[in-house]
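**Q** Structure file target_23.cif (mmCIF, C-alpha atoms) right here:
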data_data
#
loop_
_atom_site.label_atom_id
_atom_site.label_comp_id
_atom_site.auth_asym_id
_atom_site.auth_seq_id
_atom_site.Cartn_x
_atom_site.Cartn_y
_atom_site.Cartn_z
CA MET A 1 0.00 0.00 0.00
CA ASN A 2 1.28 3.46 -0.92
CA ARG A 3 1.25 5.31 2.43
CA LYS A 4 2.85 8.52 1.14
CA PRO A 5 0.81 11.65 1.98
CA LEU A 6 -1.31 13.22 -0.72
CA THR A 7 0.63 15.79 -2.72
CA LEU A 8 -0.49 19.06 -4.30
CA ARG A 9 -0.56 17.28 -7.66
CA ASP A 10 -2.90 14.60 -6.20
CA TYR A 11 -5.28 17.22 -4.80
CA LEU A 12 -5.24 19.14 -8.09
CA LEU A 13 -5.95 15.96 -10.06
CA MET A 14 -8.86 15.09 -7.75
CA SER A 15 -10.29 18.62 -8.02
CA LEU A 16 -9.94 18.87 -11.81
CA ILE A 17 -11.51 15.44 -12.34
CA ALA A 18 -14.31 16.42 -9.95
CA VAL A 19 -15.04 19.45 -12.18
CA VAL A 20 -15.04 17.30 -15.35
CA PHE A 21 -17.56 14.96 -13.75
CA GLY A 22 -19.47 17.99 -12.47
CA ILE A 23 -20.07 18.84 -16.14
CA VAL A 24 -21.22 15.27 -16.85
CA PHE A 25 -23.42 15.37 -13.72
CA LEU A 26 -25.10 18.47 -15.13
CA LEU A 27 -26.02 16.50 -18.26
CA ALA A 28 -27.36 13.74 -16.01
CA VAL A 29 -29.35 16.30 -14.01
CA TYR A 30 -31.06 17.55 -17.20
CA ALA A 31 -31.80 13.98 -18.33
CA GLY A 32 -33.05 13.09 -14.83
CA ALA A 33 -35.29 16.16 -14.75
CA ALA A 34 -36.82 15.19 -18.10
CA LEU A 35 -37.45 11.63 -16.90
CA THR A 36 -38.89 12.90 -13.61
CA THR A 37 -41.31 15.12 -15.59
CA VAL A 38 -42.61 12.11 -17.47
CA LEU A 39 -42.88 9.89 -14.39
CA THR A 40 -44.33 12.37 -11.84
CA PRO A 41 -48.02 12.07 -12.86
CA LEU A 42 -47.69 8.29 -12.40
CA GLY A 43 -46.26 8.79 -8.92
CA LEU A 44 -42.91 7.40 -10.06
CA GLY A 45 -41.03 10.71 -10.19
CA VAL A 46 -38.63 9.56 -7.44
CA LEU A 47 -37.14 7.11 -9.96
CA GLY A 48 -36.24 9.91 -12.42
CA TYR A 49 -32.64 10.44 -11.32
CA GLU A 50 -31.89 6.81 -10.41
CA PRO A 51 -30.68 5.62 -13.87
CA PHE A 52 -27.88 8.23 -13.69
CA TYR A 53 -26.83 7.61 -10.09
CA GLY A 54 -23.71 5.63 -11.03
CA ILE A 55 -22.19 8.73 -12.63
CA TRP A 56 -21.94 10.27 -9.14
CA TYR A 57 -19.43 7.60 -8.06
CA MET A 58 -17.24 7.63 -11.20
CA ALA A 59 -14.85 10.39 -10.13
CA ALA A 60 -13.95 8.51 -6.94
CA ILE A 61 -13.21 5.24 -8.78
CA ILE A 62 -11.08 6.98 -11.41
CA THR A 63 -8.98 8.98 -8.96
CA THR A 64 -8.50 5.93 -6.71
CA TYR A 65 -7.22 4.04 -9.76
CA LEU A 66 -4.99 6.90 -10.90
CA ILE A 67 -3.48 7.95 -7.56
CA ARG A 68 -3.53 4.58 -5.71
CA LYS A 69 -3.34 5.91 -2.18
CA PRO A 70 -5.76 5.40 0.74
CA ILE A 71 -8.79 7.71 1.21
CA VAL A 72 -8.45 9.20 -2.28
CA GLY A 73 -12.02 8.11 -3.12
CA ILE A 74 -13.46 9.82 -0.04
CA VAL A 75 -11.42 13.01 -0.55
CA THR A 76 -12.44 13.17 -4.23
CA GLU A 77 -16.12 12.86 -3.40
CA VAL A 78 -15.84 15.53 -0.68
CA ILE A 79 -13.96 17.87 -3.03
CA ALA A 80 -16.59 17.28 -5.73
CA ALA A 81 -19.32 18.10 -3.20
CA LEU A 82 -17.52 21.25 -2.03
CA ILE A 83 -17.18 22.41 -5.64
CA GLU A 84 -20.90 21.74 -6.16
CA VAL A 85 -21.70 23.77 -3.03
CA LEU A 86 -19.48 26.63 -4.23
CA LEU A 87 -21.31 26.59 -7.55
CA GLY A 88 -24.71 26.77 -5.73
CA ASN A 89 -25.99 23.19 -5.31
CA MET A 90 -29.56 23.26 -3.99
CA PHE A 91 -28.98 20.67 -1.25
CA GLY A 92 -26.03 22.62 0.12
CA VAL A 93 -24.32 21.10 3.08
CA MET A 94 -26.22 17.79 2.80
CA VAL A 95 -24.26 16.88 -0.33
CA LEU A 96 -21.12 16.85 1.83
CA ILE A 97 -22.55 13.98 3.89
CA SER A 98 -23.79 12.20 0.75
CA ALA A 99 -20.35 12.60 -0.80
CA PHE A 100 -18.56 11.26 2.26
CA ILE A 101 -20.83 8.20 2.38
CA GLN A 102 -20.44 7.55 -1.36
CA GLY A 103 -16.68 7.93 -1.03
CA VAL A 104 -16.58 5.40 1.81
CA GLY A 105 -18.68 3.03 -0.30
CA VAL A 106 -16.29 3.28 -3.25
CA GLU A 107 -13.24 2.98 -1.02
CA ILE A 108 -14.16 -0.15 1.01
CA PRO A 109 -13.39 -2.86 -1.65
CA PHE A 110 -10.10 -1.16 -2.61
CA ALA A 111 -9.12 -0.91 1.06
CA LEU A 112 -9.89 -4.62 1.56
CA THR A 113 -7.38 -5.46 -1.20
CA LYS A 114 -4.91 -2.99 0.40
CA TYR A 115 -5.12 -0.89 -2.78
CA LYS A 116 -3.38 -3.59 -4.82
CA ASN A 117 -6.18 -4.95 -6.96
CA TYR A 118 -7.87 -2.79 -9.62
CA SER A 119 -9.77 -5.51 -11.49
CA TYR A 120 -13.38 -5.47 -12.72
CA LYS A 121 -14.30 -7.55 -9.67
CA VAL A 122 -13.16 -4.79 -7.32
CA THR A 123 -14.72 -1.94 -9.32
CA MET A 124 -18.02 -3.86 -9.46
CA LEU A 125 -17.83 -4.46 -5.70
CA SER A 126 -17.15 -0.74 -5.27
CA ALA A 127 -20.27 0.02 -7.27
CA LEU A 128 -22.24 -2.37 -5.06
CA SER A 129 -20.97 -1.03 -1.73
CA ALA A 130 -21.42 2.60 -2.85
CA THR A 131 -25.00 1.77 -3.87
CA ILE A 132 -25.79 0.07 -0.56
CA LEU A 133 -24.37 2.88 1.59
CA SER A 134 -25.92 5.67 -0.50
CA PHE A 135 -29.26 3.79 -0.47
CA ILE A 136 -29.24 3.67 3.34
CA TRP A 137 -28.42 7.38 3.49
CA THR A 138 -31.03 8.51 0.94
CA GLY A 139 -33.50 6.16 2.67
CA PHE A 140 -32.99 8.12 5.88
CA ARG A 141 -33.04 11.49 4.10
CA SER A 142 -36.11 10.83 1.95
CA ASN A 143 -37.88 8.54 4.45
CA TYR A 144 -38.26 5.41 2.30
CA LEU A 145 -40.30 3.85 5.15
CA ALA A 146 -43.20 6.04 4.02
CA MET A 147 -43.13 4.56 0.51
CA ASP A 148 -44.48 1.32 -0.92
CA TRP A 149 -41.77 -1.39 -0.70
CA ARG A 150 -42.00 -2.03 -4.45
CA ILE A 151 -41.00 1.58 -5.17
CA VAL A 152 -38.13 1.30 -2.69
CA LEU A 153 -36.99 -1.95 -4.31
CA ALA A 154 -37.19 -0.31 -7.76
CA ILE A 155 -35.01 2.58 -6.49
CA PHE A 156 -32.37 0.12 -5.25
CA VAL A 157 -32.35 -2.08 -8.34
CA ILE A 158 -32.18 0.82 -10.83
CA ARG A 159 -29.46 2.53 -8.79
CA LEU A 160 -27.45 -0.69 -8.58
CA LEU A 161 -27.68 -1.31 -12.32
CA SER A 162 -26.63 2.28 -13.01
CA ALA A 163 -23.69 1.96 -10.61
CA LEU A 164 -22.56 -1.36 -12.06
CA PHE A 165 -22.60 0.13 -15.56
CA PHE A 166 -21.14 3.62 -14.97
CA THR A 167 -19.00 3.01 -11.89
CA GLY A 168 -18.02 -0.62 -12.30
CA TYR A 169 -17.70 -0.81 -16.07
CA VAL A 170 -17.30 2.60 -17.80
CA SER A 171 -14.88 3.96 -15.17
CA LYS A 172 -12.72 0.84 -15.43
CA VAL A 173 -12.70 1.05 -19.25
CA ILE A 174 -11.51 4.69 -19.10
CA CYS A 175 -8.82 3.83 -16.52
CA ASP A 176 -7.56 0.84 -18.50
CA LYS A 177 -7.29 3.02 -21.62
CA LEU A 178 -5.29 5.58 -19.64
CA ASP A 179 -3.05 2.80 -18.38
CA ASP A 180 -2.54 1.42 -21.90
CA ALA A 181 -1.80 4.92 -23.20
CA GLY A 182 1.12 4.99 -20.75
CA ILE A 183 0.38 8.39 -19.26
CA LEU A 184 0.01 7.21 -15.67
CA ASN A 185 3.20 7.76 -13.74
CA HIS A 186 2.62 5.30 -10.93
CA ASN A 187 4.99 2.35 -10.98
CA LEU A 188 2.52 -0.43 -11.43
CA LYS A 189 0.19 -1.25 -14.32
CA ALA A 190 -3.24 -2.52 -13.26
CA SER A 191 -2.63 -5.88 -14.96
CA GLU A 192 0.60 -6.30 -13.00
CA ALA A 193 -1.11 -5.23 -9.79
CA ILE A 194 -3.74 -7.97 -10.15
CA ASP A 195 -1.03 -10.60 -10.60
CA MET B 1 -27.65 38.28 9.14
CA ILE B 2 -26.71 34.81 7.91
CA ASP B 3 -24.11 36.31 5.53
CA SER B 4 -21.84 37.28 8.38
CA ILE B 5 -21.86 33.89 10.14
CA ASN B 6 -18.50 32.13 10.06
CA PRO B 7 -18.73 29.51 7.25
CA THR B 8 -17.42 26.64 9.39
CA ALA B 9 -19.93 27.44 12.16
CA LYS B 10 -22.64 27.75 9.50
CA THR B 11 -21.64 24.37 8.04
CA VAL B 12 -21.76 22.64 11.43
CA GLY B 13 -25.04 24.34 12.43
CA ILE B 14 -26.87 23.55 9.18
CA LEU B 15 -25.37 20.04 9.01
CA LEU B 16 -26.57 19.17 12.53
CA GLY B 17 -29.89 20.90 11.87
CA SER B 18 -30.40 18.83 8.72
CA LEU B 19 -29.58 15.59 10.53
CA ILE B 20 -32.09 16.41 13.30
CA LEU B 21 -34.67 17.36 10.67
CA GLY B 22 -34.12 13.88 9.19
CA LEU B 23 -35.37 12.37 12.46
CA THR B 24 -38.70 14.26 12.36
CA PHE B 25 -41.60 13.14 10.19
CA GLN B 26 -44.23 15.91 10.42
CA TRP B 27 -45.14 18.20 7.55
CA GLU B 28 -45.72 21.07 10.00
CA VAL B 29 -42.06 20.96 11.07
CA ASN B 30 -40.95 20.79 7.45
CA LEU B 31 -43.02 23.86 6.56
CA ALA B 32 -41.67 25.77 9.58
CA ILE B 33 -38.09 24.97 8.50
CA THR B 34 -38.92 25.92 4.92
CA LEU B 35 -40.14 29.30 6.17
CA LEU B 36 -37.01 29.70 8.31
CA GLY B 37 -34.89 28.97 5.23
CA LEU B 38 -36.88 31.52 3.23
CA ILE B 39 -36.23 34.13 5.94
CA PHE B 40 -32.50 33.34 5.83
CA VAL B 41 -32.37 33.69 2.05
CA THR B 42 -34.55 36.79 1.71
CA THR B 43 -32.59 38.65 4.39
CA SER B 44 -29.28 37.79 2.71
CA LYS B 45 -27.55 40.31 0.47
CA ARG B 46 -25.70 37.54 -1.35
CA ALA B 47 -28.72 35.58 -2.57
CA ALA B 48 -29.79 37.24 -5.83
CA PRO B 49 -33.59 36.89 -6.37
CA GLU B 50 -33.21 35.65 -9.97
CA ARG B 51 -30.73 32.97 -8.90
CA LEU B 52 -33.04 31.96 -6.06
CA LEU B 53 -35.94 31.60 -8.51
CA LYS B 54 -33.80 29.51 -10.87
CA ILE B 55 -32.95 27.12 -8.04
CA MET B 56 -36.47 27.05 -6.58
CA VAL B 57 -38.07 25.73 -9.78
CA PRO B 58 -36.30 22.32 -9.78
CA ILE B 59 -36.70 22.07 -6.00
CA LEU B 60 -40.45 22.57 -6.22
CA PHE B 61 -40.51 20.05 -9.01
CA VAL B 62 -38.66 17.38 -7.00
CA SER B 63 -40.89 18.15 -4.02
CA ILE B 64 -44.02 17.64 -6.13
CA SER B 65 -42.68 14.35 -7.50
CA TYR B 66 -42.09 13.10 -3.93
CA PHE B 67 -45.57 14.29 -2.96
CA PHE B 68 -47.13 12.20 -5.74
CA THR B 69 -45.05 9.14 -4.85
CA GLY B 70 -45.99 9.46 -1.17
CA TRP B 71 -49.63 9.95 -2.13
CA ILE B 72 -49.96 7.18 -4.69
CA PHE B 73 -47.47 4.66 -3.28
CA SER B 74 -47.55 5.07 0.49
CA SER B 75 -46.44 2.21 2.72
CA GLU B 76 -48.79 0.51 5.20
CA GLN B 77 -46.63 1.78 8.06
CA ALA B 78 -46.99 5.36 6.82
CA LEU B 79 -50.78 4.93 6.55
CA PHE B 80 -50.89 3.70 10.14
CA SER B 81 -48.87 6.61 11.48
CA SER B 82 -50.82 9.22 9.52
CA SER B 83 -54.09 7.77 10.90
CA GLN B 84 -52.97 8.97 14.35
CA THR B 85 -53.35 12.60 13.30
CA ASP B 86 -56.62 14.47 13.71
CA LEU B 87 -56.47 16.01 10.26
CA ILE B 88 -59.18 14.55 8.04
CA ILE B 89 -58.80 15.16 4.36
CA PRO B 90 -61.47 13.98 1.95
CA SER B 91 -58.79 12.73 -0.48
CA GLY B 92 -57.56 10.22 2.12
CA ARG B 93 -54.76 9.66 4.56
CA ASP B 94 -52.30 9.03 1.74
CA LEU B 95 -52.40 12.74 1.08
CA ILE B 96 -50.77 13.43 4.47
CA ASN B 97 -48.08 10.92 3.63
CA GLY B 98 -47.46 12.70 0.33
CA LEU B 99 -47.40 16.03 2.14
CA ASN B 100 -44.86 14.69 4.64
CA LEU B 101 -42.53 13.47 1.89
CA GLY B 102 -42.90 16.47 -0.41
CA SER B 103 -42.41 19.03 2.37
CA ARG B 104 -39.43 17.06 3.72
CA VAL B 105 -37.55 17.50 0.45
CA LEU B 106 -38.51 21.18 0.41
CA ALA B 107 -37.25 21.72 3.99
CA PHE B 108 -33.89 20.03 3.27
CA ALA B 109 -33.52 22.06 0.10
CA MET B 110 -34.32 25.35 1.84
CA LEU B 111 -31.66 24.66 4.47
CA GLY B 112 -29.28 23.77 1.63
CA ILE B 113 -30.05 26.94 -0.31
CA SER B 114 -29.66 29.12 2.76
CA TYR B 115 -26.17 27.64 3.03
CA SER B 116 -24.95 27.61 -0.57
CA LEU B 117 -26.43 30.96 -1.68
CA THR B 118 -25.34 32.92 1.38
CA THR B 119 -21.76 31.63 1.67
CA ASP B 120 -18.85 33.27 -0.11
CA SER B 121 -16.57 30.67 -1.72
CA LYS B 122 -13.32 32.37 -0.69
CA GLU B 123 -14.50 32.77 2.90
CA LEU B 124 -15.69 29.15 3.01
CA ILE B 125 -12.36 27.67 1.94
CA ALA B 126 -10.37 30.14 4.09
CA SER B 127 -12.52 29.24 7.09
CA PHE B 128 -12.18 25.49 6.46
CA ILE B 129 -8.39 25.92 6.28
CA GLN B 130 -8.20 28.09 9.40
CA GLN B 131 -10.94 26.63 11.61
CA ALA B 132 -11.55 23.09 10.30
CA ARG B 133 -7.87 22.30 9.59
CA MET B 134 -8.40 21.50 5.92
CA PRO B 135 -4.97 20.99 4.28
CA MET B 136 -3.80 24.13 2.48
CA LYS B 137 -3.10 22.04 -0.65
CA MET B 138 -6.67 20.79 -0.73
CA GLY B 139 -8.14 24.26 -0.27
CA TYR B 140 -6.07 25.80 -3.06
CA ALA B 141 -6.67 22.82 -5.36
CA ILE B 142 -10.41 23.44 -4.95
CA PHE B 143 -9.93 27.17 -5.67
CA THR B 144 -7.92 26.30 -8.79
CA ALA B 145 -10.54 23.87 -10.07
CA VAL B 146 -13.42 26.28 -9.42
CA ASN B 147 -11.59 29.05 -11.30
CA LEU B 148 -10.90 26.68 -14.20
CA THR B 149 -14.51 25.43 -14.45
CA SER B 150 -15.45 27.45 -17.54
CA LEU B 151 -12.18 26.52 -19.28
CA ILE B 152 -12.71 22.82 -18.49
CA ARG B 153 -16.25 23.05 -19.85
CA ARG B 154 -14.91 24.58 -23.09
CA GLU B 155 -12.22 21.89 -23.35
CA TYR B 156 -14.87 19.18 -22.89
CA ASP B 157 -16.96 20.68 -25.73
CA ASN B 158 -13.83 20.93 -27.88
CA SER B 159 -12.92 17.30 -27.26
CA LYS B 160 -16.41 16.27 -28.40
CA LEU B 161 -16.08 18.49 -31.49
CA ALA B 162 -12.65 17.05 -32.26
CA LEU B 163 -14.17 13.57 -32.40
CA GLN B 164 -17.13 14.72 -34.48
CA VAL B 165 -14.97 16.43 -37.16
CA ARG B 166 -13.25 13.06 -37.62
CA ASN B 167 -16.70 11.55 -38.19
CA ILE B 168 -16.61 9.68 -34.87
CA PRO B 169 -20.11 9.82 -33.36
CA VAL B 170 -20.35 11.06 -29.76
CA LYS B 171 -23.39 9.85 -27.83
CA PRO B 172 -24.59 11.38 -24.53
CA PHE B 173 -22.49 9.99 -21.64
CA ASP B 174 -19.92 8.68 -24.17
CA SER B 175 -16.59 7.66 -22.62
CA LYS B 176 -14.46 8.87 -25.59
CA PRO B 177 -14.46 12.62 -24.75
CA LEU B 178 -14.13 11.68 -21.08
CA PHE B 179 -10.95 9.77 -21.85
CA THR B 180 -9.53 12.82 -23.65
CA MET B 181 -10.44 14.97 -20.66
CA MET B 182 -8.82 12.57 -18.20
CA VAL B 183 -5.55 12.75 -20.18
CA ARG B 184 -5.73 16.55 -20.13
CA MET B 185 -6.53 16.72 -16.42
CA ILE B 186 -3.55 14.46 -15.59
CA ARG B 187 -1.28 16.75 -17.59
CA TRP B 188 -2.83 19.95 -16.16
CA SER B 189 -2.47 18.70 -12.58
CA GLU B 190 1.23 18.00 -13.14
CA ARG B 191 1.89 21.39 -14.74
CA LEU B 192 -0.21 23.36 -12.25
CA SER B 193 1.45 21.73 -9.25
CA LEU B 194 4.87 22.45 -10.71
CA ALA B 195 3.89 26.06 -11.38
CA MET B 196 2.44 26.55 -7.90
CA GLU B 197 5.35 24.92 -6.08
CA SER B 198 7.93 26.77 -8.14
CA LYS B 199 6.31 30.00 -6.89
CA GLY B 200 6.77 28.91 -3.28
CA PHE B 201 3.40 27.34 -2.52
CA SER B 202 3.51 25.25 0.68
CA GLU B 203 1.49 24.40 3.79
CA ASP B 204 3.16 27.39 5.49
CA ARG B 205 1.51 29.82 3.11
CA VAL B 206 0.06 32.87 4.88
CA MET B 207 -3.53 33.85 4.08
CA GLN B 208 -4.59 37.45 3.69
CA LEU B 209 -8.19 36.60 4.51
CA LYS B 210 -8.47 35.96 8.25
CA MET B 211 -11.64 34.25 9.45
CA THR B 212 -12.64 34.48 13.11
CA VAL B 213 -15.27 32.79 15.26
CA LYS B 214 -17.46 35.24 17.18
CA PRO B 215 -20.10 34.54 19.88
CA VAL B 216 -22.87 35.06 17.29
CA ASP B 217 -21.36 32.22 15.20
CA ILE B 218 -21.46 29.85 18.17
CA THR B 219 -25.04 30.94 18.89
CA PHE B 220 -26.03 30.09 15.31
CA MET B 221 -24.12 26.79 15.35
CA VAL B 222 -25.89 25.64 18.52
CA GLY B 223 -29.15 27.56 18.14
CA LEU B 224 -30.27 26.23 14.74
CA PRO B 225 -30.09 22.50 15.62
CA VAL B 226 -31.71 23.18 19.01
CA THR B 227 -34.54 25.16 17.35
CA ILE B 228 -35.18 22.35 14.87
CA ALA B 229 -35.11 19.77 17.69
CA LEU B 230 -37.60 21.84 19.71
CA LEU B 231 -39.89 22.23 16.71
CA GLY B 232 -39.70 18.53 15.88
CA PHE B 233 -39.92 16.93 19.30
CA VAL B 234 -41.64 19.49 21.55
CA VAL B 235 -43.77 21.99 19.64
CA PHE B 236 -45.40 19.75 16.96
#
Could you show the structure in this file as structure tokens?
**A**
Amino acid sequence: MNRKPLTLRDYLLMSLIAVVFGIVFLLAVYAGAALTTVLTPLGLGVLGYEPFYGIWYMAAIITTYLIRKPIVGIVTEVIAALIEVLLGNMFGVMVLISAFIQGVGVEIPFALTKYKNYSYKVTMLSALSATILSFIWTGFRSNYLAMDWRIVLAIFVIRLLSALFFTGYVSKVICDKLDDAGILNHNLKASEAID
Amino acid sequence: MIDSINPTAKTVGILLGSLILGLTFQWEVNLAITLLGLIFVTTSKRAAPERLLKIMVPILFVSISYFFTGWIFSSEQALFSSSQTDLIIPSGRDLINGLNLGSRVLAFAMLGISYSLTTDSKELIASFIQQARMPMKMGYAIFTAVNLTSLIRREYDNSKLALQVRNIPVKPFDSKPLFTMMVRMIRWSERLSLAMESKGFSEDRVMQLKMTVKPVDITFMVGLPVTIALLGFVVF
């Protein structure tokens, strides 16, 4: 495990990647708003943003892969949330808690492998743990106990599928391409790390 | 009034207040907090009315969508708890459940808005560095990224255009322009860190902006969560 403290370059990379994903989030917010509009009269408006939920965890997976140091996922999510707050996010300080919980969710599987394994198995597990933790948090925040269990189940399943696709698969594809392109300056290639 | 509260104290106060609000399940409390949030925002000199309106539209929309879900798909447990109230609505008890859920989102959002619209970004980061012991590197990295937001957005559009002029289709949420952006961000982070460190940037950097914690900040930090707790567990 790389125990060296985070450098200025690491923090800058996390912040810049958080902004890039902030732009992608914005696209997801528009798409989610459109879907919510269609679903609201049916009472299913709460599902509108769920297909895009996995995008929220992507930045943490990518920076964890690129920097390969402990707590990078959590710090990235918190930085992303702070940038959102500075740009006027409507849920303000609450996104800081959401970000911390999502970051912990992403981080757990990597921590269990001592930040040595960056395979699809680990990224998929990251997607799963981030979904479970964020589901518990949004359940508390939005009071899922007051909703029909089928709606709550639909929220979980759609969020999990979104996370597995965006967080577990797309993020890993992007990271592998970066690795193959040879622009990462850590000492270990992901394929070597798995071995 | 809320403009002058120390950002770290404001963060702690609103954070604790939001968590306590999460433990209450009455629409009356939610509406009271929504009103409190409105007072905070309307008395602030930083919250521009047009920006407030722009943010309020999606919030109202999300609130309405939760109202409909709570109304149409309420759980049996929620029906049982809403039957304890004396309020009789011809449309049924589900309506109260919808009201509880919809107003809950609204209350959280109003607390959020009264934080994000009334807090200056420079003061927030300076206060986090000085009072919450955020690493200097992290604070300045966030400043850098925020200041580069419009440039990054332009670069992202350019990377999509660059693919399109080569007749490579770019779908929404496509990973191809994202890959290009990741390469650029890795390079930018290296160059920016070199540039900053070569100009003497370090953890010992002195900040011109000094943030202090006054008694009124402590009052806000403690007073807001206590008020929400009183409203939720004593008054209603």
**Q** Determine the residue set returned by the PyMOL selection byres ((chain B and resi 222-227) around 7) for the present structure, and present it as a PyMOL selection string.
**A** chain B and resi 13+16-17+20+218-221+228-231
**Q** Could you list the residues in chain A lying within 6 Å of chain B, using only C-alpha atoms, and format the result as a ChimeraX atom specification?
**A** /A:8-9,11-13,15-16,40,43-45,85-86,88,90-93,141,146-148,174
**Q** Considering all atoms listed in the file, can you say which of A:Lys116, A:Lys172, A:Lys121, A:Arg159 comes closest to Leu133 of chain A?
**A** A:Arg159
**Q** Using atom CA of Leu209 of chain B and atom CA of Ile17 of chain A as the two end points, give the distance in Å to one decimal.
**A**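 Distance between the two atoms: 27.3 Å.
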**Q** How many Å separate atom CA of Leu26 of chain A from atom CA of Cys175 of chain A?
**A** 21.9 Å
**Q** Give me the residues within 10 Å of segment 95-105 of chain A as a short mmCIF file (atom, residue, chain, number, x, y, z; two decimals) with C-alpha atoms, in the frame of the given file, counting all atoms listed in the file and dropping any in the same chain fewer than 6 places off.
**A**
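Final file, result13.cif:
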data_model
loop_
_atom_site.label_atom_id
_atom_site.label_comp_id
_atom_site.auth_asym_id
_atom_site.auth_seq_id
_atom_site.Cartn_x
_atom_site.Cartn_y
_atom_site.Cartn_z
CA TRP A 56 -21.94 10.27 -9.14
CA TYR A 57 -19.43 7.60 -8.06
CA ALA A 59 -14.85 10.39 -10.13
CA ALA A 60 -13.95 8.51 -6.94
CA ILE A 61 -13.21 5.24 -8.78
CA ILE A 71 -8.79 7.71 1.21
CA VAL A 72 -8.45 9.20 -2.28
CA GLY A 73 -12.02 8.11 -3.12
CA ILE A 74 -13.46 9.82 -0.04
CA VAL A 75 -11.42 13.01 -0.55
CA THR A 76 -12.44 13.17 -4.23
CA GLU A 77 -16.12 12.86 -3.40
CA VAL A 78 -15.84 15.53 -0.68
CA ILE A 79 -13.96 17.87 -3.03
CA ALA A 80 -16.59 17.28 -5.73
CA ALA A 81 -19.32 18.10 -3.20
CA LEU A 82 -17.52 21.25 -2.03
CA GLU A 84 -20.90 21.74 -6.16
CA VAL A 85 -21.70 23.77 -3.03
CA ASN A 89 -25.99 23.19 -5.31
CA ALA A 111 -9.12 -0.91 1.06
CA LEU A 125 -17.83 -4.46 -5.70
CA SER A 126 -17.15 -0.74 -5.27
CA ALA A 127 -20.27 0.02 -7.27
CA LEU A 128 -22.24 -2.37 -5.06
CA SER A 129 -20.97 -1.03 -1.73
CA ALA A 130 -21.42 2.60 -2.85
CA THR A 131 -25.00 1.77 -3.87
CA ILE A 132 -25.79 0.07 -0.56
CA LEU A 133 -24.37 2.88 1.59
CA SER A 134 -25.92 5.67 -0.50
CA PHE A 135 -29.26 3.79 -0.47
CA ILE A 136 -29.24 3.67 3.34
CA TRP A 137 -28.42 7.38 3.49
CA THR A 138 -31.03 8.51 0.94
CA ARG A 141 -33.04 11.49 4.10
CA THR B 11 -21.64 24.37 8.04
CA LEU B 15 -25.37 20.04 9.01
CA LEU B 19 -29.58 15.59 10.53
CA GLY B 112 -29.28 23.77 1.63
#
**Q** Quick one, how far is atom CA of Val170 of chain B from atom CA of Val29 of chain A?
**A**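 Separating atom CA of Val170 of chain B from atom CA of Val29 of chain A is a distance of 18.9 Å.
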**Q** Please evaluate the PyMOL selection byres ((chain A and resi 69) around 8) against the displayed coordinates and give the resulting residues as a PyMOL selection string.
**A** chain A and resi 1-4+6+64+67-68+70-72+115
**Q** Residues of the last selection are to be written out with C-alpha atoms, as a PDB file, keeping the file's coordinate frame.
**A**
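The resulting file, part.pdb, is reproduced below:
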ATOM      1  CA  MET A   1       0.000   0.000   0.000  1.00  0.00           C
ATOM      2  CA  ASN A   2       1.280   3.460  -0.920  1.00  0.00           C
ATOM      3  CA  ARG A   3       1.250   5.310   2.430  1.00  0.00           C
ATOM      4  CA  LYS A   4       2.850   8.520   1.140  1.00  0.00           C
ATOM      5  CA  LEU A   6      -1.310  13.220  -0.720  1.00  0.00           C
ATOM      6  CA  THR A  64      -8.500   5.930  -6.710  1.00  0.00           C
ATOM      7  CA  ILE A  67      -3.480   7.950  -7.560  1.00  0.00           C
ATOM      8  CA  ARG A  68      -3.530   4.580  -5.710  1.00  0.00           C
ATOM      9  CA  PRO A  70      -5.760   5.400   0.740  1.00  0.00           C
ATOM     10  CA  ILE A  71      -8.790   7.710   1.210  1.00  0.00           C
ATOM     11  CA  VAL A  72      -8.450   9.200  -2.280  1.00  0.00           C
ATOM     12  CA  TYR A 115      -5.120  -0.890  -2.780  1.00  0.00           C
TER      13      TYR A 115
END
**Q** Would you please work out which residue, of A:Tyr118, A:Thr123, A:Tyr53, A:Leu47, is nearest to Leu153 of chain A when using only C-alpha atoms?
**A** A:Leu47
**Q** Might you spell out which residues the PyMOL selection byres ((chain B and resi 131) around 10) would select in the displayed file, as an MDAnalysis selection string?
**A** chainID B and resid 6:9 125:130 132:134 211:213
**Q** Select, from B:Ser103, B:Leu95, B:Ala47, B:Leu53, the residue with the minimum atom-to-atom distance to Leu35 of chain B, counting only C-alpha atoms.
**A**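 Under the stated criterion, the closest residue is B:Ser103.
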